[in-house]
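Notes follow the structure.
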Amino acid sequence: MRRALFGLLGAMLLASCSTSEAARLARGEPPPLGGTLVGGPWLVEDLNGGRMVASVRVDLTFDPGDAGTSRVTGRSGCNRFTGDWQQNGAAVKFGPLASTRMGCAPALMEFEGKFLTTLEAVTIVAFDASGAALLKASDGRAIKLRRAKP
């Protein structure tokens with residue numbers, strides 16, 4: 001009887017979840033943590049699975065603004081950038097973004113272009129237990145951020 005009751009409760013719990021949530025719970029993964037990007041600076045730790053070069057600082061600061069005027073500003077490696085941003089739970093949107101146009105080494109300019117185009121493509125933000133934020137685009141590109149230590 002007890003086993004049947006727990007089975008029924010588990011089925012009810014899984015039925016109340018979305019398909020992806022149910023799959024995550026079935027695999028024993030913890031639920032995603034909520035949070036906000038407001039504040040900063042956030043440092044980019046990873047872009048599309050590639051670690052950052054130690055000498056290059058890429059950061060973002062999120063101003064909550066007022067009446068729909070939220071701004072993101074930061075350094076993209078060589079240049080500074082700014083633009084609009086919005087977060088509603090796990091949904092996030094960036095752009096349009098604008099940046100300065102200083103010239104740097106070709107490899108750094110290429111990295112910067114990938115960072116900015118990935119940032120504009122981001123649609124989802126998730127937070128992990130360590131406090132990192134993962135910005136995800138629908139095509140699989142991702143940016144991992146961590147708040148800078150004071």
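FYI, nothing fancy with the structure tokens labels: chains A, B, ... in order, residues from 1 per chain, ligands from 1 as they appear.
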Excluding Arg71 of chain A and any residue of its chain fewer than 3 positions from it, enumerate the residues within 7 Å of it, using only C-alpha atoms, and give them as a PDB file with C-alpha atoms, in the first residue's frame.
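Final output, selection.pdb:
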```pdb
ATOM      1  CA  PHE A  62      23.324  45.064 -15.605  1.00  0.00           C
ATOM      2  CA  ASP A  63      21.485  48.256 -14.696  1.00  0.00           C
ATOM      3  CA  PRO A  64      17.821  47.613 -13.861  1.00  0.00           C
ATOM      4  CA  GLY A  65      16.830  51.049 -15.140  1.00  0.00           C
ATOM      5  CA  THR A  82      26.265  48.978 -24.238  1.00  0.00           C
ATOM      6  CA  GLY A  83      22.708  48.027 -25.049  1.00  0.00           C
ATOM      7  CA  ASP A  84      19.243  47.178 -23.840  1.00  0.00           C
ATOM      8  CA  TRP A  85      18.417  44.074 -21.837  1.00  0.00           C
TER       9      TRP A  85
END
```
Which of these residues is nearest to Ala91 of chain A, using only C-alpha atoms: A:Val58, A:Val125, A:Leu135, A:Ile143?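 Comparing A:Val58, A:Val125, A:Leu135, A:Ile143 against Ala91 of chain A, the winner is A:Val125.
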From A:Leu47, A:Glu110, A:Gly103, A:Met52, residue lying nearest Leu134 of chain A [only C-alpha atoms]: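 Under the stated criterion, the closest residue is A:Leu47.
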Using only C-alpha atoms, the best pick from A:Cys78, A:Ala121, A:Ala133, A:Leu116 as closest to Met102 of chain A would be A:Cys78
For Ala54 of chain A, work out the shell of residues within 12 Å, counting only C-alpha atoms and skipping chain neighbours fewer than 6 positions away, then give it as a list in words.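 In the requested form, the answer reads Leu43, Val44, Glu45, Asp46 and Gly77 of chain A.
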Store the residues of this selection in a file with N, CA and C atoms, as a PDB file, in the first residue's frame.
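Below is the file result35.pdb, written as the result:
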```pdb
ATOM      1  N   LEU A  43      31.863  38.565 -14.722  1.00  0.00           N
ATOM      2  CA  LEU A  43      32.991  38.228 -15.594  1.00  0.00           C
ATOM      3  C   LEU A  43      32.630  37.022 -16.453  1.00  0.00           C
ATOM      4  N   VAL A  44      33.005  37.076 -17.710  1.00  0.00           N
ATOM      5  CA  VAL A  44      32.781  35.935 -18.603  1.00  0.00           C
ATOM      6  C   VAL A  44      33.852  34.898 -18.315  1.00  0.00           C
ATOM      7  N   GLU A  45      33.415  33.677 -17.969  1.00  0.00           N
ATOM      8  CA  GLU A  45      34.329  32.559 -17.703  1.00  0.00           C
ATOM      9  C   GLU A  45      34.497  31.658 -18.908  1.00  0.00           C
ATOM     10  N   ASP A  46      33.475  31.619 -19.757  1.00  0.00           N
ATOM     11  CA  ASP A  46      33.460  30.649 -20.832  1.00  0.00           C
ATOM     12  C   ASP A  46      32.567  31.179 -21.956  1.00  0.00           C
ATOM     13  N   GLY A  77      36.480  42.666 -24.502  1.00  0.00           N
ATOM     14  CA  GLY A  77      37.825  42.188 -24.814  1.00  0.00           C
ATOM     15  C   GLY A  77      38.709  43.328 -25.255  1.00  0.00           C
TER      16      GLY A  77
END
```
Running DSSP on the backbone, which parts of segment 15-144 of chain A land in helix (DSSP H, G or I), as a PyMOL selection string? chain A and resi 15-16+19-26+106-121
With only C-alpha atoms as the counted atoms, please give the residues lying no more than 7 Å from Ala137 of chain A, apart from itself and same-chain residues fewer than 2 positions off, as a list in words. Ala121, Val122, Thr123, Ile124, Leu135, Asp139, Gly140, Arg141 and Ala142 of chain A
Given only C-alpha atoms as the counted atoms, nearest of A:Phe81, A:Val53, A:Asp59, A:Gln86 to Pro41 of chain A: A:Asp59
Taking only C-alpha atoms into account, which of A:Thr61, A:Asn48, A:Gln87, A:Ser76 comes nearest Arg147 of chain A?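 Answer, going by the shortest atom-to-atom distance: A:Thr61.
For the pair atom CA of Phe111 of chain A and atom CA of Asp128 of chain A, the interatomic distance is 25.2 Å.
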Looking at A:Ala132, A:Ala105, A:Ala98, A:Val92, which one is nearest to Arg146 of chain A, with distances taken over only C-alpha atoms?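 Answer, going by the shortest atom-to-atom distance: A:Ala132.
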Point-to-point distance from atom CA of Leu119 of chain A to atom CA of Pro106 of chain A, Å rounded to tenths: 19.9 Å
